[in-house]
Amino acid sequence: MTEQAKKKSARRPLRVGLVAAALCALLVISVSAANPEVLEGIVSTIRSSIAIGEYRQDMTLDTGEYVIGLSYPEVSLEEREGRVILTIDGQETDITDELNETGSYLWEYEDEGASVQVKVTLNEEGKPEAVTSIVPAGTEMGESEVSMVTESVVTTTEE
């Protein structure tokens with residue numbers, strides 16, 4: 001099994017901010033048509049925002065309410081020259097051997113902010129599929145995780 005080294009990224013605060021901005025943009029699109037006053041209220045009441053760990057941001061609103069924002073790692077799956085490559089936050093890992101031996105591959109990360117899991121399995125067609133799950137630190141996976149599915153992309157090289 002290939003071990004994935006922890007990588008410290010100086011860009012994480014910027015990335016968390018960009019994720020928050022993207023979430024706000026999605027919220028604008030979905031809420032503005034129905035009730036624009038709600039969106040205005042949420043955005044204008046954020047008093048402070050603190051990044052806790054790699055994938056969590058805690059926000060305090062003017063009303064004193066506390067909001068936890070979780071962000072997913074960037075996950076992609078590629079099939080390259082018969083190998084399955086899992087990329088998490090820009091770091092590639094060849095998971096082919098473990099996927100063939102056990103039928104799955106599990107990547108886990110935990111810090112003071114959140115616990116993240118990326119589980120890769122083979123779907124009905126035999127193609128790799130990743131499910132990324134995240135929970136705030138101190139919460140058991142399965143209690144209240146949020147999950148996202150990523151399917152593999154076949155990459156071919158021309159000679």
# chains A, B, ... in the order shown; residues from 1 in each chain; ligands from 1

call {"tool": "residues_around", "arguments": {"residues": "Thr102 in chain A", "least_positions_apart": "5", "cutoff": "12 Å", "atoms": "only C-alpha atoms", "output": "ChimeraX atom specification"}}
result
/A:1,95-97,120-122

call {"tool": "atom_distance", "arguments": {"atom1": "CA of Thr139 in chain A", "atom2": "CA of Gly113 in chain A"}}
result
10.5 Å

call {"tool": "residues_around", "arguments": {"residues": "Ser48 in chain A", "least_positions_apart": "3", "cutoff": "10 Å", "atoms": "only C-alpha atoms", "output": "PyMOL selection string"}}
result
chain A and resi 45+58-62+66

call {"tool": "write_last_selection", "arguments": {"atoms": "all heavy atoms", "output": "compact mmCIF listing (two decimals), in the first residue's frame"}}
result
# COMPACT_ATOMS: atom_id res chain seq x y z
N THR A 45 -24.59 39.05 8.23
CA THR A 45 -24.46 38.85 9.67
C THR A 45 -23.24 38.05 10.08
O THR A 45 -23.07 37.78 11.26
CB THR A 45 -25.71 38.15 10.24
OG1 THR A 45 -25.86 36.89 9.62
CG2 THR A 45 -26.95 39.00 10.05
N ASP A 58 -15.22 27.76 11.06
CA ASP A 58 -16.27 28.12 12.02
C ASP A 58 -16.60 29.59 11.86
O ASP A 58 -15.70 30.43 11.79
CB ASP A 58 -15.81 27.83 13.44
CG ASP A 58 -15.71 26.34 13.72
OD1 ASP A 58 -15.99 25.54 12.81
OD2 ASP A 58 -15.36 25.97 14.86
N MET A 59 -17.89 29.90 11.83
CA MET A 59 -18.33 31.27 11.65
C MET A 59 -19.27 31.65 12.79
O MET A 59 -20.08 30.84 13.23
CB MET A 59 -19.05 31.43 10.31
CG MET A 59 -18.14 31.22 9.12
SD MET A 59 -19.04 31.10 7.57
CE MET A 59 -19.35 29.33 7.53
N THR A 60 -19.14 32.89 13.24
CA THR A 60 -20.04 33.43 14.25
C THR A 60 -20.82 34.56 13.60
O THR A 60 -20.24 35.45 12.98
CB THR A 60 -19.26 33.97 15.47
OG1 THR A 60 -18.44 32.93 15.98
CG2 THR A 60 -20.20 34.46 16.55
N LEU A 61 -22.13 34.50 13.75
CA LEU A 61 -22.99 35.52 13.18
C LEU A 61 -23.21 36.65 14.19
O LEU A 61 -22.96 36.47 15.39
CB LEU A 61 -24.33 34.91 12.77
CG LEU A 61 -24.26 33.70 11.83
CD1 LEU A 61 -25.66 33.20 11.51
CD2 LEU A 61 -23.51 34.03 10.56
N ASP A 62 -23.67 37.79 13.73
CA ASP A 62 -23.95 38.92 14.61
C ASP A 62 -24.96 38.57 15.70
O ASP A 62 -24.94 39.14 16.78
CB ASP A 62 -24.49 40.12 13.81
CG ASP A 62 -23.40 40.81 13.03
OD1 ASP A 62 -22.22 40.65 13.38
OD2 ASP A 62 -23.73 41.53 12.06
N TYR A 66 -23.71 30.16 15.89
CA TYR A 66 -22.44 29.53 15.52
C TYR A 66 -22.70 28.60 14.34
O TYR A 66 -23.59 27.75 14.41
CB TYR A 66 -21.93 28.76 16.74
CG TYR A 66 -20.62 28.07 16.58
CD1 TYR A 66 -19.44 28.79 16.48
CD2 TYR A 66 -20.55 26.69 16.57
CE1 TYR A 66 -18.23 28.14 16.37
CE2 TYR A 66 -19.35 26.03 16.46
CZ TYR A 66 -18.19 26.76 16.36
OH TYR A 66 -16.99 26.12 16.25

call {"tool": "atom_distance", "arguments": {"atom1": "CA of Ile50 in chain A", "atom2": "CA of Asp89 in chain A"}}
result
20.8 Å

call {"tool": "residues_around", "arguments": {"residues": "Trp107 in chain A", "least_positions_apart": "3", "cutoff": "8 Å", "atoms": "only C-alpha atoms", "output": "list in words"}}
result
Gln117, Val118 and Lys119 of chain A

call {"tool": "write_last_selection", "arguments": {"atoms": "N, CA, C and O atoms", "output": "tab-separated table (two decimals), in the first residue's frame"}}
result
chain	number	residue	atom	x	y	z
A	117	GLN	N	-12.99	10.90	5.00
A	117	GLN	CA	-12.71	9.58	4.43
A	117	GLN	C	-13.00	9.62	2.94
A	117	GLN	O	-13.99	10.22	2.52
A	118	VAL	N	-12.13	8.96	2.18
A	118	VAL	CA	-12.39	8.74	0.76
A	118	VAL	C	-12.31	7.24	0.57
A	118	VAL	O	-11.26	6.64	0.76
A	119	LYS	N	-13.45	6.62	0.24
A	119	LYS	CA	-13.49	5.17	0.03
A	119	LYS	C	-13.72	4.89	-1.45
A	119	LYS	O	-14.69	5.36	-2.04

call {"tool": "select_by_dssp", "arguments": {"residues": "range 101-150 of chain A", "states": "strand (DSSP E or B)", "output": "mmCIF file with all heavy atoms, in the first residue's frame"}}
result
data_model
loop_
_atom_site.group_PDB
_atom_site.id
_atom_site.type_symbol
_atom_site.label_atom_id
_atom_site.label_comp_id
_atom_site.auth_asym_id
_atom_site.auth_seq_id
_atom_site.Cartn_x
_atom_site.Cartn_y
_atom_site.Cartn_z
ATOM 1 N N SER A 104 -11.444 -2.646 -2.357
ATOM 2 C CA SER A 104 -11.667 -1.262 -1.936
ATOM 3 C C SER A 104 -10.359 -0.645 -1.472
ATOM 4 O O SER A 104 -9.374 -1.341 -1.235
ATOM 5 C CB SER A 104 -12.700 -1.190 -0.812
ATOM 6 O OG SER A 104 -12.193 -1.797 0.357
ATOM 7 N N TYR A 105 -10.380 0.686 -1.351
ATOM 8 C CA TYR A 105 -9.233 1.433 -0.831
ATOM 9 C C TYR A 105 -9.805 2.534 0.040
ATOM 10 O O TYR A 105 -10.773 3.204 -0.335
ATOM 11 C CB TYR A 105 -8.414 2.038 -1.976
ATOM 12 C CG TYR A 105 -7.271 2.910 -1.486
ATOM 13 C CD1 TYR A 105 -6.044 2.351 -1.164
ATOM 14 C CD2 TYR A 105 -7.439 4.290 -1.331
ATOM 15 C CE1 TYR A 105 -5.001 3.141 -0.700
ATOM 16 C CE2 TYR A 105 -6.392 5.082 -0.879
ATOM 17 C CZ TYR A 105 -5.182 4.501 -0.556
ATOM 18 O OH TYR A 105 -4.158 5.282 -0.105
ATOM 19 N N LEU A 106 -9.234 2.732 1.228
ATOM 20 C CA LEU A 106 -9.724 3.753 2.144
ATOM 21 C C LEU A 106 -8.615 4.722 2.495
ATOM 22 O O LEU A 106 -7.555 4.326 2.980
ATOM 23 C CB LEU A 106 -10.266 3.108 3.428
ATOM 24 C CG LEU A 106 -10.853 4.061 4.465
ATOM 25 C CD1 LEU A 106 -12.092 4.765 3.915
ATOM 26 C CD2 LEU A 106 -11.195 3.300 5.739
ATOM 27 N N TRP A 107 -8.853 6.026 2.247
ATOM 28 C CA TRP A 107 -7.949 7.101 2.654
ATOM 29 C C TRP A 107 -8.648 7.850 3.766
ATOM 30 O O TRP A 107 -9.837 8.173 3.657
ATOM 31 C CB TRP A 107 -7.683 8.035 1.482
ATOM 32 C CG TRP A 107 -6.844 9.252 1.797
ATOM 33 C CD1 TRP A 107 -5.483 9.318 1.773
ATOM 34 C CD2 TRP A 107 -7.300 10.561 2.157
ATOM 35 N NE1 TRP A 107 -5.065 10.584 2.096
ATOM 36 C CE2 TRP A 107 -6.158 11.367 2.348
ATOM 37 C CE3 TRP A 107 -8.560 11.129 2.358
ATOM 38 C CZ2 TRP A 107 -6.243 12.709 2.706
ATOM 39 C CZ3 TRP A 107 -8.648 12.461 2.723
ATOM 40 C CH2 TRP A 107 -7.495 13.241 2.882
ATOM 41 N N GLU A 108 -7.935 8.096 4.861
ATOM 42 C CA GLU A 108 -8.525 8.805 5.992
ATOM 43 C C GLU A 108 -7.627 9.955 6.415
ATOM 44 O O GLU A 108 -6.400 9.864 6.337
ATOM 45 C CB GLU A 108 -8.716 7.869 7.180
ATOM 46 C CG GLU A 108 -9.713 6.769 6.917
ATOM 47 C CD GLU A 108 -9.876 5.839 8.100
ATOM 48 O OE1 GLU A 108 -8.902 5.136 8.438
ATOM 49 O OE2 GLU A 108 -10.971 5.831 8.688
ATOM 50 N N TYR A 109 -8.257 11.024 6.891
ATOM 51 C CA TYR A 109 -7.533 12.184 7.396
ATOM 52 C C TYR A 109 -8.331 12.732 8.570
ATOM 53 O O TYR A 109 -9.564 12.817 8.520
ATOM 54 C CB TYR A 109 -7.399 13.254 6.309
ATOM 55 C CG TYR A 109 -6.729 14.517 6.799
ATOM 56 C CD1 TYR A 109 -5.342 14.627 6.783
ATOM 57 C CD2 TYR A 109 -7.477 15.571 7.307
ATOM 58 C CE1 TYR A 109 -4.715 15.777 7.249
ATOM 59 C CE2 TYR A 109 -6.861 16.716 7.779
ATOM 60 C CZ TYR A 109 -5.480 16.814 7.745
ATOM 61 O OH TYR A 109 -4.869 17.945 8.213
ATOM 62 N N GLU A 110 -7.626 13.080 9.631
ATOM 63 C CA GLU A 110 -8.294 13.665 10.785
ATOM 64 C C GLU A 110 -7.392 14.720 11.408
ATOM 65 O O GLU A 110 -6.186 14.536 11.528
ATOM 66 C CB GLU A 110 -8.611 12.580 11.817
ATOM 67 C CG GLU A 110 -9.461 13.064 12.951
ATOM 68 C CD GLU A 110 -9.974 11.936 13.831
ATOM 69 O OE1 GLU A 110 -9.988 10.776 13.394
ATOM 70 O OE2 GLU A 110 -10.356 12.240 14.970
ATOM 71 N N ALA A 114 -11.865 18.375 11.502
ATOM 72 C CA ALA A 114 -12.779 17.457 10.819
ATOM 73 C C ALA A 114 -12.130 16.097 10.593
ATOM 74 O O ALA A 114 -10.911 15.956 10.653
ATOM 75 C CB ALA A 114 -13.209 18.042 9.474
ATOM 76 N N SER A 115 -12.983 15.112 10.324
ATOM 77 C CA SER A 115 -12.545 13.785 9.892
ATOM 78 C C SER A 115 -13.047 13.588 8.469
ATOM 79 O O SER A 115 -14.215 13.848 8.177
ATOM 80 C CB SER A 115 -13.135 12.693 10.783
ATOM 81 O OG SER A 115 -12.659 12.816 12.092
ATOM 82 N N VAL A 116 -12.143 13.133 7.595
ATOM 83 C CA VAL A 116 -12.485 12.947 6.185
ATOM 84 C C VAL A 116 -12.121 11.527 5.781
ATOM 85 O O VAL A 116 -11.074 11.012 6.169
ATOM 86 C CB VAL A 116 -11.706 13.949 5.290
ATOM 87 C CG1 VAL A 116 -12.110 13.797 3.830
ATOM 88 C CG2 VAL A 116 -11.904 15.373 5.762
ATOM 89 N N GLN A 117 -12.994 10.898 5.003
ATOM 90 C CA GLN A 117 -12.711 9.580 4.432
ATOM 91 C C GLN A 117 -13.002 9.619 2.942
ATOM 92 O O GLN A 117 -13.990 10.216 2.515
ATOM 93 C CB GLN A 117 -13.601 8.495 5.041
ATOM 94 C CG GLN A 117 -13.281 8.125 6.444
ATOM 95 C CD GLN A 117 -14.163 6.967 6.923
ATOM 96 O OE1 GLN A 117 -15.149 6.597 6.286
ATOM 97 N NE2 GLN A 117 -13.802 6.402 8.050
ATOM 98 N N VAL A 118 -12.132 8.963 2.177
ATOM 99 C CA VAL A 118 -12.394 8.738 0.757
ATOM 100 C C VAL A 118 -12.313 7.236 0.567
ATOM 101 O O VAL A 118 -11.261 6.636 0.755
ATOM 102 C CB VAL A 118 -11.375 9.450 -0.162
ATOM 103 C CG1 VAL A 118 -11.664 9.123 -1.624
ATOM 104 C CG2 VAL A 118 -11.411 10.953 0.067
ATOM 105 N N LYS A 119 -13.451 6.619 0.240
ATOM 106 C CA LYS A 119 -13.495 5.172 0.034
ATOM 107 C C LYS A 119 -13.717 4.895 -1.447
ATOM 108 O O LYS A 119 -14.688 5.358 -2.040
ATOM 109 C CB LYS A 119 -14.603 4.525 0.852
ATOM 110 C CG LYS A 119 -14.598 3.021 0.723
ATOM 111 C CD LYS A 119 -15.559 2.360 1.662
ATOM 112 C CE LYS A 119 -15.407 0.852 1.559
ATOM 113 N NZ LYS A 119 -16.274 0.158 2.480
ATOM 114 N N VAL A 120 -12.787 4.140 -2.037
ATOM 115 C CA VAL A 120 -12.873 3.797 -3.453
ATOM 116 C C VAL A 120 -13.281 2.329 -3.560
ATOM 117 O O VAL A 120 -12.680 1.464 -2.922
ATOM 118 C CB VAL A 120 -11.527 4.020 -4.178
ATOM 119 C CG1 VAL A 120 -11.646 3.662 -5.654
ATOM 120 C CG2 VAL A 120 -11.066 5.459 -4.015
ATOM 121 N N THR A 121 -14.317 2.070 -4.344
ATOM 122 C CA THR A 121 -14.775 0.703 -4.617
ATOM 123 C C THR A 121 -15.015 0.580 -6.115
ATOM 124 O O THR A 121 -14.952 1.564 -6.854
ATOM 125 C CB THR A 121 -16.084 0.386 -3.862
ATOM 126 O OG1 THR A 121 -17.070 1.367 -4.221
ATOM 127 C CG2 THR A 121 -15.879 0.400 -2.349
ATOM 128 N N LEU A 122 -15.295 -0.619 -6.559
ATOM 129 C CA LEU A 122 -15.639 -0.843 -7.962
ATOM 130 C C LEU A 122 -17.154 -0.908 -8.087
ATOM 131 O O LEU A 122 -17.815 -1.617 -7.329
ATOM 132 C CB LEU A 122 -15.007 -2.146 -8.467
ATOM 133 C CG LEU A 122 -13.472 -2.186 -8.412
ATOM 134 C CD1 LEU A 122 -12.959 -3.565 -8.792
ATOM 135 C CD2 LEU A 122 -12.865 -1.123 -9.312
ATOM 136 N N PRO A 128 -13.847 2.160 -11.070
ATOM 137 C CA PRO A 128 -13.636 2.729 -9.736
ATOM 138 C C PRO A 128 -14.577 3.901 -9.470
ATOM 139 O O PRO A 128 -14.876 4.685 -10.363
ATOM 140 C CB PRO A 128 -12.191 3.212 -9.768
ATOM 141 C CG PRO A 128 -11.576 2.564 -10.940
ATOM 142 C CD PRO A 128 -12.667 2.275 -11.910
ATOM 143 N N GLU A 129 -15.031 3.970 -8.227
ATOM 144 C CA GLU A 129 -15.921 5.033 -7.794
ATOM 145 C C GLU A 129 -15.520 5.424 -6.373
ATOM 146 O O GLU A 129 -15.294 4.562 -5.536
ATOM 147 C CB GLU A 129 -17.352 4.516 -7.832
ATOM 148 C CG GLU A 129 -18.411 5.492 -7.430
ATOM 149 C CD GLU A 129 -19.793 4.879 -7.597
ATOM 150 O OE1 GLU A 129 -20.239 4.194 -6.667
ATOM 151 O OE2 GLU A 129 -20.408 5.102 -8.645
ATOM 152 N N ALA A 130 -15.397 6.711 -6.117
ATOM 153 C CA ALA A 130 -14.981 7.186 -4.795
ATOM 154 C C ALA A 130 -16.152 7.870 -4.102
ATOM 155 O O ALA A 130 -16.897 8.623 -4.720
ATOM 156 C CB ALA A 130 -13.821 8.165 -4.917
ATOM 157 N N VAL A 131 -16.294 7.604 -2.801
ATOM 158 C CA VAL A 131 -17.270 8.296 -1.973
ATOM 159 C C VAL A 131 -16.478 9.046 -0.907
ATOM 160 O O VAL A 131 -15.748 8.442 -0.125
ATOM 161 C CB VAL A 131 -18.278 7.326 -1.324
ATOM 162 C CG1 VAL A 131 -19.214 8.075 -0.390
ATOM 163 C CG2 VAL A 131 -19.060 6.568 -2.380
ATOM 164 N N THR A 132 -16.607 10.362 -0.906
ATOM 165 C CA THR A 132 -15.918 11.206 0.062
ATOM 166 C C THR A 132 -16.918 11.596 1.139
ATOM 167 O O THR A 132 -17.999 12.091 0.838
ATOM 168 C CB THR A 132 -15.372 12.483 -0.613
ATOM 169 O OG1 THR A 132 -14.543 12.103 -1.705
ATOM 170 C CG2 THR A 132 -14.580 13.324 0.365
ATOM 171 N N SER A 133 -16.551 11.350 2.404
ATOM 172 C CA SER A 133 -17.419 11.681 3.528
ATOM 173 C C SER A 133 -16.660 12.575 4.494
ATOM 174 O O SER A 133 -15.456 12.412 4.695
ATOM 175 C CB SER A 133 -17.858 10.408 4.255
ATOM 176 O OG SER A 133 -18.526 9.537 3.379
ATOM 177 N N ILE A 134 -17.372 13.508 5.120
ATOM 178 C CA ILE A 134 -16.744 14.437 6.054
ATOM 179 C C ILE A 134 -17.682 14.712 7.221
ATOM 180 O O ILE A 134 -18.891 14.792 7.037
ATOM 181 C CB ILE A 134 -16.343 15.753 5.337
ATOM 182 C CG1 ILE A 134 -15.545 16.665 6.268
ATOM 183 C CG2 ILE A 134 -17.536 16.454 4.759
ATOM 184 C CD1 ILE A 134 -14.876 17.830 5.569
ATOM 185 N N VAL A 135 -17.092 14.789 8.423
ATOM 186 C CA VAL A 135 -17.834 15.153 9.636
ATOM 187 C C VAL A 135 -16.959 16.093 10.470
ATOM 188 O O VAL A 135 -15.735 16.047 10.370
ATOM 189 C CB VAL A 135 -18.226 13.930 10.502
ATOM 190 C CG1 VAL A 135 -19.206 13.033 9.781
ATOM 191 C CG2 VAL A 135 -17.014 13.160 10.959
ATOM 192 N N PRO A 136 -17.580 16.927 11.298
ATOM 193 C CA PRO A 136 -16.774 17.734 12.218
ATOM 194 C C PRO A 136 -16.018 16.830 13.187
ATOM 195 O O PRO A 136 -16.473 15.722 13.501
ATOM 196 C CB PRO A 136 -17.813 18.580 12.965
ATOM 197 C CG PRO A 136 -19.044 18.536 12.128
ATOM 198 C CD PRO A 136 -19.002 17.229 11.398
ATOM 199 N N VAL A 146 -21.566 14.026 5.582
ATOM 200 C CA VAL A 146 -22.031 14.490 4.291
ATOM 201 C C VAL A 146 -21.140 13.802 3.278
ATOM 202 O O VAL A 146 -19.927 13.751 3.438
ATOM 203 C CB VAL A 146 -21.893 16.024 4.178
ATOM 204 C CG1 VAL A 146 -22.375 16.501 2.826
ATOM 205 C CG2 VAL A 146 -22.663 16.704 5.296
ATOM 206 N N SER A 147 -21.727 13.213 2.228
ATOM 207 C CA SER A 147 -20.940 12.435 1.273
ATOM 208 C C SER A 147 -21.117 12.951 -0.146
ATOM 209 O O SER A 147 -22.132 13.534 -0.487
ATOM 210 C CB SER A 147 -21.360 10.965 1.323
ATOM 211 O OG SER A 147 -21.132 10.436 2.603
ATOM 212 N N MET A 148 -20.081 12.690 -0.962
ATOM 213 C CA MET A 148 -20.082 13.070 -2.366
ATOM 214 C C MET A 148 -19.445 11.934 -3.160
ATOM 215 O O MET A 148 -18.448 11.365 -2.727
ATOM 216 C CB MET A 148 -19.282 14.360 -2.547
ATOM 217 C CG MET A 148 -19.146 14.807 -3.974
ATOM 218 S SD MET A 148 -18.310 16.397 -4.124
ATOM 219 C CE MET A 148 -16.699 16.028 -3.504
ATOM 220 N N VAL A 149 -20.009 11.605 -4.325
ATOM 221 C CA VAL A 149 -19.506 10.509 -5.151
ATOM 222 C C VAL A 149 -18.703 11.070 -6.326
ATOM 223 O O VAL A 149 -19.107 12.037 -6.968
ATOM 224 C CB VAL A 149 -20.672 9.648 -5.698
ATOM 225 C CG1 VAL A 149 -20.174 8.558 -6.619
ATOM 226 C CG2 VAL A 149 -21.472 9.061 -4.547
ATOM 227 N N THR A 150 -17.527 10.446 -6.591
ATOM 228 C CA THR A 150 -16.683 10.815 -7.729
ATOM 229 C C THR A 150 -16.457 9.562 -8.564
ATOM 230 O O THR A 150 -16.062 8.534 -8.028
ATOM 231 C CB THR A 150 -15.310 11.343 -7.248
ATOM 232 O OG1 THR A 150 -15.517 12.431 -6.366
ATOM 233 C CG2 THR A 150 -14.449 11.763 -8.420
#

call {"tool": "atom_distance", "arguments": {"atom1": "CA of Asn123 in chain A", "atom2": "CA of Gly103 in chain A"}}
result
10.1 Å
